[in-house]
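Engineer: File target-v4.csv below, CSV, C-alpha atoms and all ligand atoms:
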chain,number,residue,atom,x,y,z
A,1,MET,CA,-9.6,-12.6,5.6
A,2,SER,CA,-12.3,-15.1,6.3
A,3,LEU,CA,-15.7,-15.1,8.1
A,4,ARG,CA,-14.8,-18.1,10.1
A,5,PRO,CA,-15.5,-17.7,13.9
A,6,THR,CA,-12.4,-17.2,16.0
A,7,ILE,CA,-11.5,-19.7,18.7
A,8,VAL,CA,-13.0,-17.3,21.3
A,9,GLU,CA,-16.3,-17.3,19.4
A,10,GLN,CA,-16.2,-21.1,19.0
A,11,LEU,CA,-15.8,-21.4,22.7
A,12,ALA,CA,-18.9,-19.2,23.3
A,13,ARG,CA,-20.8,-21.5,20.9
A,14,ALA,CA,-19.6,-24.5,22.8
A,15,ARG,CA,-20.9,-23.1,26.0
A,16,ALA,CA,-24.3,-22.4,24.4
A,17,ASP,CA,-24.3,-25.9,22.9
A,18,LEU,CA,-23.6,-27.5,26.3
A,19,ARG,CA,-26.5,-25.5,27.9
A,20,LEU,CA,-28.8,-26.8,25.2
A,21,GLY,CA,-27.7,-30.4,25.7
A,22,VAL,CA,-26.0,-30.4,22.3
A,23,PRO,CA,-22.7,-32.4,22.3
A,24,ILE,CA,-19.4,-30.8,21.3
A,25,VAL,CA,-16.2,-32.3,20.0
A,26,LEU,CA,-12.9,-31.7,21.7
A,27,SER,CA,-9.5,-32.6,20.2
A,28,HIS,CA,-5.9,-32.5,21.4
A,29,MET,CA,-2.7,-34.1,20.0
A,30,GLY,CA,-4.4,-36.5,17.7
A,31,ARG,CA,-7.0,-37.6,20.2
A,32,ALA,CA,-10.7,-36.6,20.2
A,33,ALA,CA,-13.8,-37.0,22.2
A,34,VAL,CA,-17.4,-36.0,22.2
A,35,ALA,CA,-18.6,-34.3,25.4
A,36,VAL,CA,-22.0,-33.3,26.7
A,37,ALA,CA,-23.1,-31.8,30.0
A,38,ALA,CA,-24.6,-34.5,32.4
A,39,GLU,CA,-27.2,-31.9,33.4
A,40,THR,CA,-28.6,-31.3,29.9
A,41,LEU,CA,-28.0,-34.7,28.2
A,42,ASP,CA,-31.3,-36.3,27.1
A,43,ALA,CA,-32.2,-40.0,26.7
A,44,GLY,CA,-32.1,-39.9,22.9
A,45,ARG,CA,-28.6,-38.6,22.8
A,46,LEU,CA,-27.4,-40.9,25.5
A,47,ALA,CA,-28.7,-43.9,23.4
A,48,GLN,CA,-26.9,-42.4,20.4
A,49,LEU,CA,-23.6,-42.2,22.4
A,50,ARG,CA,-24.1,-45.8,23.5
A,51,VAL,CA,-24.3,-47.2,20.0
A,52,MET,CA,-21.0,-45.5,19.1
A,53,GLY,CA,-19.4,-48.3,21.1
A,54,GLU,CA,-16.6,-46.8,23.1
A,55,GLU,CA,-16.5,-46.6,26.9
A,56,LEU,CA,-18.6,-43.7,28.3
A,57,VAL,CA,-16.9,-41.7,31.1
A,58,LEU,CA,-18.5,-39.2,33.5
A,59,ALA,CA,-15.9,-36.5,34.4
A,60,VAL,CA,-16.5,-34.9,37.7
A,61,THR,CA,-14.3,-32.6,39.8
A,62,GLN,CA,-12.2,-33.9,42.7
A,63,TRP,CA,-14.6,-32.2,45.1
A,64,ARG,CA,-17.6,-34.2,43.8
A,65,ALA,CA,-15.4,-37.3,43.6
A,66,GLU,CA,-14.5,-36.9,47.3
A,67,THR,CA,-18.2,-36.9,48.3
A,68,LEU,CA,-18.9,-39.9,46.1
A,69,LYS,CA,-15.8,-41.7,47.5
A,70,ALA,CA,-14.5,-42.2,43.9
A,71,ARG,CA,-10.7,-42.1,43.4
A,72,ALA,CA,-9.6,-39.0,41.6
A,73,TYR,CA,-6.4,-40.3,39.9
A,74,ASP,CA,-6.1,-37.1,37.8
A,75,GLY,CA,-5.8,-34.9,40.9
A,76,ASP,CA,-8.3,-32.2,40.1
A,77,LEU,CA,-10.9,-34.5,38.5
A,78,ALA,CA,-12.1,-38.1,38.3
A,79,ARG,CA,-13.1,-40.1,35.2
A,80,ILE,CA,-15.9,-42.3,36.4
A,81,VAL,CA,-16.7,-45.3,34.2
A,82,VAL,CA,-20.4,-45.3,33.2
A,83,PRO,CA,-21.7,-48.9,33.5
A,84,PRO,CA,-23.3,-50.1,30.3
A,85,ASP,CA,-26.7,-50.8,31.9
A,86,VAL,CA,-27.4,-47.5,33.6
A,87,GLY,CA,-29.6,-44.7,32.3
A,88,LEU,CA,-30.0,-41.0,32.7
A,89,GLY,CA,-31.2,-41.3,36.3
A,90,TRP,CA,-27.8,-42.8,37.3
A,91,LEU,CA,-25.8,-40.0,35.6
A,92,ARG,CA,-27.9,-37.3,37.2
A,93,ALA,CA,-27.6,-38.9,40.6
A,94,VAL,CA,-23.8,-39.0,40.4
A,95,ALA,CA,-23.7,-35.5,39.1
A,96,ASP,CA,-26.2,-33.9,41.4
A,97,PRO,CA,-25.9,-34.1,45.2
A,98,ALA,CA,-29.6,-33.3,45.8
A,99,ASP,CA,-30.4,-36.9,46.8
A,100,ASP,CA,-27.0,-37.9,48.3
A,101,LEU,CA,-28.5,-38.2,51.8
A,102,LYS,CA,-31.5,-40.2,50.6
A,103,THR,CA,-29.5,-42.6,48.5
A,104,PRO,CA,-25.9,-42.3,49.7
A,105,MET,CA,-24.3,-45.3,47.9
A,106,LYS,CA,-23.9,-44.6,44.2
A,107,GLY,CA,-21.1,-47.0,43.8
A,108,PRO,CA,-18.9,-48.7,43.9
A,109,LEU,CA,-17.6,-46.3,41.3
A,110,ILE,CA,-14.7,-47.3,39.1
A,111,THR,CA,-12.5,-44.5,37.9
A,112,ARG,CA,-9.9,-44.5,35.1
A,113,ARG,CA,-6.2,-43.8,35.9
A,114,ASP,CA,-4.6,-44.6,32.5
A,115,GLY,CA,-4.5,-42.3,29.5
A,116,SER,CA,-4.8,-38.5,29.4
A,117,ALA,CA,-7.6,-36.5,31.1
A,118,ASP,CA,-7.0,-33.3,29.2
A,119,LEU,CA,-10.2,-33.5,27.1
A,120,HIS,CA,-12.2,-34.3,30.2
A,121,ARG,CA,-10.6,-31.3,32.0
A,122,ALA,CA,-11.5,-29.0,29.1
A,123,ALA,CA,-15.1,-30.3,29.1
A,124,LEU,CA,-15.5,-29.6,32.8
A,125,THR,CA,-14.1,-26.1,32.4
A,126,LEU,CA,-16.6,-25.4,29.7
A,127,VAL,CA,-19.5,-26.9,31.6
A,128,LYS,CA,-18.6,-24.9,34.7
A,129,SER,CA,-18.4,-21.7,32.7
A,130,ALA,CA,-21.8,-22.5,31.2
A,131,HIS,CA,-23.1,-22.5,34.9
A,132,LEU,CA,-24.2,-26.1,34.7
A,133,LEU,CA,-23.5,-28.8,37.3
A,134,PRO,CA,-19.8,-29.6,36.9
A,135,ALA,CA,-20.1,-33.0,35.3
A,136,ALA,CA,-19.6,-34.0,31.7
A,137,VAL,CA,-20.2,-37.3,29.8
A,138,VAL,CA,-17.1,-37.9,27.6
A,139,LEU,CA,-16.7,-40.5,24.8
A,140,PRO,CA,-13.6,-41.0,22.8
A,141,VAL,CA,-14.0,-40.8,19.0
A,142,ALA,CA,-11.5,-41.8,16.3
A,143,ASP,CA,-12.0,-38.9,14.0
A,144,GLY,CA,-13.3,-35.8,15.8
A,145,ALA,CA,-13.3,-33.5,12.7
A,146,ALA,CA,-15.3,-36.0,10.6
A,147,LEU,CA,-17.9,-36.4,13.4
A,148,ALA,CA,-18.2,-32.7,13.9
A,149,GLY,CA,-18.5,-32.2,10.1
A,150,ARG,CA,-21.1,-35.0,9.7
A,151,ASP,CA,-23.4,-33.8,12.6
A,152,GLY,CA,-22.7,-30.1,12.5
A,153,LEU,CA,-21.1,-30.1,16.0
A,154,THR,CA,-18.8,-27.4,17.4
A,155,LEU,CA,-15.2,-28.6,17.2
A,156,ILE,CA,-12.7,-27.2,19.7
A,157,ALA,CA,-9.0,-28.0,19.2
A,158,LEU,CA,-7.4,-27.5,22.5
A,159,GLU,CA,-4.1,-26.6,20.9
A,160,ALA,CA,-5.8,-23.3,19.9
A,161,ALA,CA,-8.2,-23.0,22.8
A,162,GLU,CA,-6.2,-23.8,25.9
A,163,ALA,CA,-4.9,-20.3,26.4
A,164,GLU,CA,-8.3,-18.8,25.9
A,165,LEU,CA,-10.1,-21.2,28.2
A,166,PHE,CA,-8.3,-19.9,31.2
A,167,ARG,CA,-7.9,-16.2,30.2
A,168,ALA,CA,-10.2,-13.5,31.4
A,169,ALA,CA,-11.8,-12.0,28.4
A,170,PRO,CA,-11.1,-8.3,27.9
A,171,LEU,CA,-14.0,-6.0,28.5
A,172,HIS,CA,-15.0,-3.0,26.6
A,173,PRO,CA,-17.2,-0.1,27.6
A,174,VAL,CA,-20.6,-0.2,25.7
A,175,VAL,CA,-22.5,2.8,27.0
A,176,SER,CA,-22.9,5.0,30.1
A,177,ALA,CA,-25.7,7.2,31.3
A,178,ARG,CA,-26.6,9.4,34.2
A,179,LEU,CA,-28.7,7.8,36.9
A,180,PRO,CA,-29.8,9.8,39.9
A,181,MET,CA,-30.2,7.5,42.9
A,182,GLN,CA,-31.3,7.6,46.5
A,183,ALA,CA,-27.7,7.4,47.5
A,184,SER,CA,-26.6,10.3,45.2
A,185,ALA,CA,-28.1,12.4,42.5
A,186,ALA,CA,-24.7,12.3,40.7
A,187,GLY,CA,-24.8,8.7,39.7
A,188,ARG,CA,-23.7,7.2,36.4
A,189,VAL,CA,-24.0,3.6,35.2
A,190,HIS,CA,-21.4,2.2,32.8
A,191,ILE,CA,-21.9,-1.1,31.0
A,192,PHE,CA,-18.9,-3.3,30.2
A,193,ARG,CA,-19.2,-6.2,27.8
A,194,PRO,CA,-16.6,-9.1,27.6
A,195,ASP,CA,-15.3,-10.1,24.2
A,196,ASP,CA,-16.2,-13.8,24.8
A,197,GLY,CA,-20.0,-13.6,24.7
A,198,GLY,CA,-20.1,-13.8,28.6
A,199,GLU,CA,-22.0,-11.8,31.1
A,200,GLU,CA,-21.9,-8.0,31.1
A,201,HIS,CA,-20.8,-6.2,34.2
A,202,TYR,CA,-21.7,-2.7,35.5
A,203,ALA,CA,-19.8,0.1,37.1
A,204,ILE,CA,-21.8,2.6,39.2
A,205,GLU,CA,-19.9,5.8,39.4
A,206,ILE,CA,-20.9,8.3,42.1
A,207,GLY,CA,-19.8,11.9,41.6
A,208,ARG,CA,-16.4,12.3,39.8
A,209,PRO,CA,-13.8,10.4,41.7
A,210,ASP,CA,-10.4,12.1,41.5
A,211,ARG,CA,-8.1,9.4,39.8
A,212,ALA,CA,-5.0,11.1,41.3
A,213,GLN,CA,-6.2,10.1,44.8
A,214,PRO,CA,-7.2,6.5,46.0
A,215,VAL,CA,-10.8,6.0,44.9
A,216,LEU,CA,-13.4,4.5,47.3
A,217,VAL,CA,-14.4,1.2,45.6
A,218,ARG,CA,-16.7,-1.7,46.3
A,219,LEU,CA,-16.5,-4.9,44.3
A,220,HIS,CA,-20.1,-6.3,44.6
A,221,SER,CA,-20.9,-9.8,43.3
A,222,ALA,CA,-24.5,-10.2,42.1
A,223,CYS,CA,-26.9,-11.8,44.6
A,224,PHE,CA,-30.4,-11.9,43.2
A,225,THR,CA,-31.8,-13.3,46.5
A,226,GLY,CA,-30.0,-10.6,48.6
A,227,ASP,CA,-30.0,-7.6,46.3
A,228,VAL,CA,-33.5,-7.9,44.9
A,229,LEU,CA,-35.5,-10.2,47.2
A,230,GLY,CA,-34.1,-8.9,50.6
A,231,SER,CA,-33.0,-12.4,51.6
A,232,LEU,CA,-32.1,-12.8,55.2
A,233,LYS,CA,-29.6,-15.7,54.4
A,234,CYS,CA,-26.8,-13.3,53.5
A,235,ASP,CA,-25.7,-9.7,53.9
A,236,CYS,CA,-25.4,-8.7,50.3
A,237,GLY,CA,-28.4,-6.4,50.0
A,238,PRO,CA,-27.5,-4.3,53.0
A,239,GLN,CA,-23.8,-4.2,51.9
A,240,LEU,CA,-24.9,-3.0,48.4
A,241,ARG,CA,-27.0,-0.2,49.8
A,242,ALA,CA,-24.5,0.8,52.5
A,243,ALA,CA,-21.7,1.0,50.0
A,244,LEU,CA,-23.7,3.3,47.7
A,245,ALA,CA,-24.8,5.4,50.7
A,246,GLN,CA,-21.2,5.8,51.9
A,247,MET,CA,-20.1,6.9,48.4
A,248,GLY,CA,-23.0,9.3,48.3
A,249,THR,CA,-22.0,10.8,51.7
A,250,GLN,CA,-18.4,11.1,50.6
A,251,GLY,CA,-19.4,12.5,47.3
A,252,ALA,CA,-17.4,10.0,45.1
A,253,GLY,CA,-16.8,6.3,44.6
A,254,ILE,CA,-17.2,3.4,42.2
A,255,LEU,CA,-19.3,0.3,42.9
A,256,LEU,CA,-18.6,-2.5,40.5
A,257,TYR,CA,-21.7,-4.7,40.1
A,258,LEU,CA,-20.2,-8.0,38.9
A,259,ASN,CA,-22.5,-10.6,37.5
A,260,GLN,CA,-20.9,-13.4,39.3
A,261,GLU,CA,-24.0,-14.7,41.0
A,262,GLY,CA,-23.4,-17.3,43.7
A,263,ARG,CA,-19.6,-16.6,44.0
A,264,GLY,CA,-19.4,-17.5,40.3
A,265,ILE,CA,-21.5,-20.7,40.0
A,266,GLY,CA,-24.7,-19.1,38.7
A,267,LEU,CA,-28.2,-18.8,40.3
A,268,ALA,CA,-29.4,-22.3,39.6
A,269,ASN,CA,-26.3,-23.8,41.2
A,270,LYS,CA,-26.6,-21.4,44.1
A,271,MET,CA,-30.2,-22.5,44.7
A,272,ARG,CA,-28.9,-26.1,44.6
A,273,ALA,CA,-26.4,-25.0,47.3
A,274,TYR,CA,-29.2,-23.5,49.3
A,275,SER,CA,-31.1,-26.7,49.1
A,276,LEU,CA,-28.1,-28.6,50.5
A,277,GLN,CA,-27.8,-26.0,53.2
A,278,ASP,CA,-31.3,-26.9,54.2
A,279,GLN,CA,-30.0,-30.5,54.6
A,280,GLY,CA,-27.5,-29.2,57.1
A,281,PHE,CA,-24.4,-28.4,55.1
A,282,ASP,CA,-22.7,-25.0,55.4
A,283,THR,CA,-22.0,-22.7,52.5
A,284,VAL,CA,-18.6,-24.1,51.8
A,285,GLU,CA,-19.5,-27.7,52.1
A,286,ALA,CA,-22.5,-27.2,49.9
A,287,ASN,CA,-20.3,-25.8,47.1
A,288,HIS,CA,-17.9,-28.7,47.5
A,289,ARG,CA,-20.6,-31.4,47.4
A,290,LEU,CA,-21.8,-29.8,44.1
A,291,GLY,CA,-18.3,-30.1,42.8
A,292,PHE,CA,-17.3,-26.4,42.9
A,293,GLU,CA,-14.5,-24.6,44.7
A,294,ASP,CA,-15.8,-22.5,47.6
A,295,ASP,CA,-15.3,-19.4,45.5
A,296,GLU,CA,-15.3,-19.6,41.7
A,297,ARG,CA,-15.1,-15.8,41.1
A,298,ASP,CA,-12.6,-14.4,38.7
A,299,PHE,CA,-11.4,-11.2,40.3
A,300,ARG,CA,-9.5,-10.3,37.1
A,301,ILE,CA,-12.8,-8.9,35.8
A,302,GLY,CA,-13.0,-6.2,38.5
A,303,ALA,CA,-9.4,-5.2,38.1
A,304,GLY,CA,-9.9,-5.0,34.3
A,305,ILE,CA,-12.8,-2.6,34.7
A,306,LEU,CA,-11.0,-0.4,37.2
A,307,ARG,CA,-8.0,-0.2,34.8
A,308,GLU,CA,-10.4,0.6,31.9
A,309,MET,CA,-11.8,3.5,34.0
A,310,GLY,CA,-8.4,4.9,34.8
A,311,VAL,CA,-8.4,3.8,38.4
A,312,GLY,CA,-5.1,2.3,39.8
A,313,ARG,CA,-5.3,3.0,43.6
A,314,ILE,CA,-8.3,2.3,45.7
A,315,ARG,CA,-9.8,2.3,49.2
A,316,LEU,CA,-11.6,-1.1,49.0
A,317,MET,CA,-14.8,-1.6,50.9
A,318,THR,CA,-14.7,-5.3,51.9
A,319,ASN,CA,-14.3,-7.8,54.7
A,320,ASN,CA,-12.7,-10.3,52.4
A,321,PRO,CA,-8.9,-10.4,52.5
A,322,ARG,CA,-8.8,-12.4,49.2
A,323,LYS,CA,-10.3,-9.5,47.3
A,324,VAL,CA,-7.5,-7.3,48.7
A,325,ARG,CA,-4.9,-9.8,47.7
A,326,MET,CA,-6.3,-10.4,44.2
A,327,MET,CA,-6.5,-6.7,43.4
A,328,GLY,CA,-2.8,-6.3,44.5
A,329,GLN,CA,-1.8,-9.2,42.2
A,330,MET,CA,-3.7,-7.6,39.3
A,331,GLY,CA,-1.9,-4.3,39.7
A,332,ILE,CA,-4.6,-2.4,41.5
A,333,GLU,CA,-3.0,-1.0,44.7
A,334,VAL,CA,-5.3,-1.3,47.7
A,335,VAL,CA,-4.2,1.7,49.8
A,336,GLN,CA,-6.8,1.0,52.5
A,337,ARG,CA,-9.3,-1.7,53.4
A,338,VAL,CA,-12.6,-0.2,54.5
A,339,PRO,CA,-14.7,-2.6,56.5
A,340,LEU,CA,-18.3,-3.1,55.5
A,341,LYS,CA,-20.2,-4.7,58.3
A,342,VAL,CA,-24.0,-4.3,57.9
A,343,GLY,CA,-27.0,-6.6,57.6
A,344,GLN,CA,-26.3,-9.2,60.3
A,345,THR,CA,-29.4,-11.2,61.1
A,346,PRO,CA,-30.1,-14.3,63.2
A,347,GLU,CA,-30.7,-16.1,59.9
A,348,ASN,CA,-27.2,-15.2,58.4
A,349,ALA,CA,-25.2,-15.5,61.6
A,350,ALA,CA,-24.0,-19.1,60.8
A,351,TYR,CA,-23.3,-18.1,57.2
A,352,LEU,CA,-21.1,-15.2,58.3
A,353,ALA,CA,-19.4,-17.3,60.9
A,354,THR,CA,-18.5,-20.0,58.3
A,355,LYS,CA,-17.1,-17.3,56.0
A,356,ALA,CA,-14.9,-16.0,58.8
A,357,GLU,CA,-13.8,-19.5,59.8
A,358,LYS,CA,-13.3,-21.2,56.4
A,359,SER,CA,-12.8,-18.3,53.9
A,360,GLY,CA,-10.8,-15.9,56.1
A,361,HIS,CA,-13.4,-13.1,56.2
A,362,LEU,CA,-12.7,-10.5,58.8
A,363,LEU,CA,-15.5,-10.1,61.3
B,401,LIG,N1,-22.4,-20.4,46.3
B,401,LIG,C1,-22.9,-19.6,47.1
B,401,LIG,N2,-22.9,-18.2,46.9
B,401,LIG,C2,-23.4,-17.4,47.8
B,401,LIG,C3,-24.1,-17.9,49.0
B,401,LIG,N3,-24.5,-16.9,49.7
B,401,LIG,C4,-24.2,-15.8,49.0
B,401,LIG,N4,-23.6,-16.1,47.9
B,401,LIG,C5,-23.0,-15.3,46.9
B,401,LIG,O1,-21.8,-14.7,47.4
B,401,LIG,C6,-21.5,-13.5,46.8
B,401,LIG,C7,-21.2,-12.5,47.9
B,401,LIG,O2,-20.3,-11.6,47.4
B,401,LIG,P1,-19.7,-10.4,48.1
B,401,LIG,O3,-20.5,-9.9,49.3
B,401,LIG,O4,-19.3,-9.5,47.0
B,401,LIG,O5,-18.3,-11.0,48.6
B,401,LIG,P2,-17.7,-11.5,49.9
B,401,LIG,O6,-16.7,-12.6,49.5
B,401,LIG,O7,-18.7,-11.9,50.9
B,401,LIG,O8,-16.8,-10.3,50.5
B,401,LIG,P3,-17.2,-8.9,51.1
B,401,LIG,O9,-18.7,-8.7,51.1
B,401,LIG,O10,-16.5,-7.9,50.2
B,401,LIG,O11,-16.6,-8.8,52.4
B,401,LIG,C8,-22.7,-13.2,45.9
B,401,LIG,O12,-22.3,-13.6,44.5
B,401,LIG,C9,-23.8,-14.1,46.4
B,401,LIG,O13,-24.7,-14.5,45.4
B,401,LIG,C10,-24.1,-19.3,49.2
B,401,LIG,O14,-24.5,-19.9,50.2
B,401,LIG,N5,-23.5,-20.1,48.3
B,402,ZN,ZN,-26.2,-12.6,49.0
Represent the structure from my file as structure tokens, please.
Ligand SMILES: Nc1nc2c(ncn2[C@@H]2O[C@H](COP(=O)(O)OP(=O)(O)OP(=O)(O)O)[C@@H](O)[C@H]2O)c(=O)[nH]1
Ligand SMILES: [Zn+2]
Structural biologist:
Amino acid sequence: MSLRPTIVEQLARARADLRLGVPIVLSHMGRAAVAVAAETLDAGRLAQLRVMGEELVLAVTQWRAETLKARAYDGDLARIVVPPDVGLGWLRAVADPADDLKTPMKGPLITRRDGSADLHRAALTLVKSAHLLPAAVVLPVADGAALAGRDGLTLIALEAAEAELFRAAPLHPVVSARLPMQASAAGRVHIFRPDDGGEEHYAIEIGRPDRAQPVLVRLHSACFTGDVLGSLKCDCGPQLRAALAQMGTQGAGILLYLNQEGRGIGLANKMRAYSLQDQGFDTVEANHRLGFEDDERDFRIGAGILREMGVGRIRLMTNNPRKVRMMGQMGIEVVQRVPLKVGQTPENAAYLATKAEKSGHLL
């Protein structure tokens, strides 16, 4: 028995390091690289990386590469060579689409096609799950373990980490307490905590749903702007309140409040997407320009919580067929889809139309 952190704990440290701008070391099959998020890298550390001598590469997703007209030889990502004479401003401009329209030509950008991209892919996965812009500066190093030891950096061996990187962390119940609400006096809030140091998620149970019958369920993804501020750009706030009200009227139901803000990209990135939407891009295009998929949510989380609560058959309140499909794939039987159409405004008409057109939402 040792006190050494497990690989899951090391990955949580790596995410925290990346958010702080501290480099991490990745290794795989005898190769190693130091990686740092483009968004949080500072000038001092960039200078430090430069004196290490090897070629600096900026890893971006294929979506960002497409906007930049850079060739993504690795399929899902591109390894853009960082010219020796550029500074932080260049890195930020390639990573962040905010000024794409003002200064459209970042290139010509040279991308690498030789060698393996596995360390770059892992770096991008970690940067994304840290809710930063999906762009990572990567520099090969001869001896990753020595560098990590010398500078006290988190070292992630992909042989051990690969399975964990793409696994949904199990969640365990922490506490639950009674909460009388406008929608129902018989409310109860349950807190679930993942084992990987990630966001907690909540289940709001109304009444005592009979587990032997299909349970009325809503999977609600956090939307600070809609749920709290009453934003007119989306329909989240009205959907949240309507779902609770319907459960209150029927006397039973479970609303999962999943902290997957901005369809899983985090609030800062969602605000970046909103800023791009003000430049004329729709909700899907904005995500792509930032380098994200149009929906980065992991629906295994919702299915896991339902299973933990003893719910296997549901009547799912949604207009999103993907949610229905994902629940089915994760062993939660959707007996019925219950449409949830509220909160249409002139301001969100285009947003809802885009979701119907591009993401298959049912109007
Ligand atoms: N990235 C991004 N996220 C957004 C935008 N507008 C709203 N969101 C997020 O989208 C999510 C909306 O989630 P839901 O309402 O649960 O899901 P849905 O896919 O619309 O499906 P249903 O409402 O169940 O029909 C929330 O996490 C919001 O924060 C946007 O323009 N960009
Ligand atoms: Zn919203």
Engineer: Please identify the residues whose atoms come within 7 Å of ligand LIG 401 (chain B), using all atoms listed in the file, and report them as a list in words.
Structural biologist: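 Going residue by residue within 7 Å of ligand LIG 401 (chain B), we get Leu219, His220, Ser221, Ala222, Cys223, Phe224, Cys234, Asp235, Cys236, Gln239, Gln260, Glu261, Gly262, Arg263, Gly264, Ile265, Lys270, Ala273, Tyr274, Thr283, Asn287, Met317, Thr318, Asn319, Asn320, Leu340 and His361 of chain A.
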Engineer: Do you know which residues are at most 12 Å from A:Ala186 counting all atoms listed in the file, after dropping those on the same chain fewer than 6 positions away, and could you put them as a PyMOL selection string?
Structural biologist: chain A and resi 177-180+204-209+244+247-254
Engineer: Of the candidates A:Gln48, A:Phe292, A:Ala14, A:His190, which one gets nearest to A:Ala95 if we count all atoms listed in the file?
Structural biologist: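 Nearest to A:Ala95: A:Phe292.
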Engineer: Have a look at atom CA of A:Glu333 and atom CA of A:Ala212 and let me know their distance in Å, one decimal.
Structural biologist: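 Calculated distance between atom CA of A:Glu333 and atom CA of A:Ala212 is 12.7 Å.
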Engineer: Fewer than 3 positions away in the same chain doesn't count, so skip those; otherwise give me all residues within 12 Å of A:Glu66, counting all atoms listed in the file, as an mmCIF file with C-alpha atoms, in the coordinates of the input.
Structural biologist:
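Done, and the output landed in out_25.cif:
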data_model
loop_
_atom_site.group_PDB
_atom_site.id
_atom_site.type_symbol
_atom_site.label_atom_id
_atom_site.label_comp_id
_atom_site.auth_asym_id
_atom_site.auth_seq_id
_atom_site.Cartn_x
_atom_site.Cartn_y
_atom_site.Cartn_z
ATOM 1 C CA VAL A 60 -16.500 -34.900 37.700
ATOM 2 C CA THR A 61 -14.300 -32.600 39.800
ATOM 3 C CA GLN A 62 -12.200 -33.900 42.700
ATOM 4 C CA TRP A 63 -14.600 -32.200 45.100
ATOM 5 C CA LYS A 69 -15.800 -41.700 47.500
ATOM 6 C CA ALA A 70 -14.500 -42.200 43.900
ATOM 7 C CA ARG A 71 -10.700 -42.100 43.400
ATOM 8 C CA ALA A 72 -9.600 -39.000 41.600
ATOM 9 C CA TYR A 73 -6.400 -40.300 39.900
ATOM 10 C CA GLY A 75 -5.800 -34.900 40.900
ATOM 11 C CA ASP A 76 -8.300 -32.200 40.100
ATOM 12 C CA LEU A 77 -10.900 -34.500 38.500
ATOM 13 C CA ALA A 78 -12.100 -38.100 38.300
ATOM 14 C CA VAL A 94 -23.800 -39.000 40.400
ATOM 15 C CA PRO A 97 -25.900 -34.100 45.200
ATOM 16 C CA LEU A 109 -17.600 -46.300 41.300
ATOM 17 C CA GLU A 285 -19.500 -27.700 52.100
ATOM 18 C CA HIS A 288 -17.900 -28.700 47.500
ATOM 19 C CA ARG A 289 -20.600 -31.400 47.400
ATOM 20 C CA LEU A 290 -21.800 -29.800 44.100
ATOM 21 C CA GLY A 291 -18.300 -30.100 42.800
ATOM 22 C CA PHE A 292 -17.300 -26.400 42.900
#
Engineer: Excluding same-chain residues fewer than 5 positions from A:Glu357, what lies within 12 Å of it counting only C-alpha atoms, as a list in words?
Structural biologist: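 After dropping sequence-adjacent residues, the list is Asp282, Thr283, Val284, Asn320, Ala350, Tyr351, Leu352, Leu362 and Leu363 of chain A.
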Engineer: For the structure just given, write the atoms of stretch 279-304 of chain A, namely C-alpha atoms, as an mmCIF file, in the first residue's frame.
Structural biologist:
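Full text of out-v3.cif as output:
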data_model
loop_
_atom_site.group_PDB
_atom_site.id
_atom_site.type_symbol
_atom_site.label_atom_id
_atom_site.label_comp_id
_atom_site.auth_asym_id
_atom_site.auth_seq_id
_atom_site.Cartn_x
_atom_site.Cartn_y
_atom_site.Cartn_z
ATOM 1 C CA GLN A 279 -20.316 38.191 -35.532
ATOM 2 C CA GLY A 280 -22.929 36.253 -37.521
ATOM 3 C CA PHE A 281 -22.131 32.575 -36.909
ATOM 4 C CA ASP A 282 -24.842 30.184 -35.713
ATOM 5 C CA THR A 283 -24.560 28.064 -32.545
ATOM 6 C CA VAL A 284 -23.019 25.074 -34.364
ATOM 7 C CA GLU A 285 -20.594 27.118 -36.497
ATOM 8 C CA ALA A 286 -19.441 29.014 -33.406
ATOM 9 C CA ASN A 287 -18.567 25.772 -31.598
ATOM 10 C CA HIS A 288 -16.691 24.510 -34.649
ATOM 11 C CA ARG A 289 -14.687 27.714 -35.100
ATOM 12 C CA LEU A 290 -13.610 27.404 -31.470
ATOM 13 C CA GLY A 291 -12.479 23.849 -32.202
ATOM 14 C CA PHE A 292 -15.279 21.964 -30.448
ATOM 15 C CA GLU A 293 -17.810 19.439 -31.645
ATOM 16 C CA ASP A 294 -21.313 20.933 -31.743
ATOM 17 C CA ASP A 295 -22.180 18.921 -28.631
ATOM 18 C CA GLU A 296 -19.439 17.836 -26.200
ATOM 19 C CA ARG A 297 -21.755 16.483 -23.500
ATOM 20 C CA ASP A 298 -21.159 13.061 -22.031
ATOM 21 C CA PHE A 299 -24.606 11.519 -21.568
ATOM 22 C CA ARG A 300 -23.126 8.556 -19.694
ATOM 23 C CA ILE A 301 -23.230 10.813 -16.617
ATOM 24 C CA GLY A 302 -27.040 11.107 -16.678
ATOM 25 C CA ALA A 303 -27.477 7.389 -17.278
ATOM 26 C CA GLY A 304 -25.090 6.612 -14.402
#
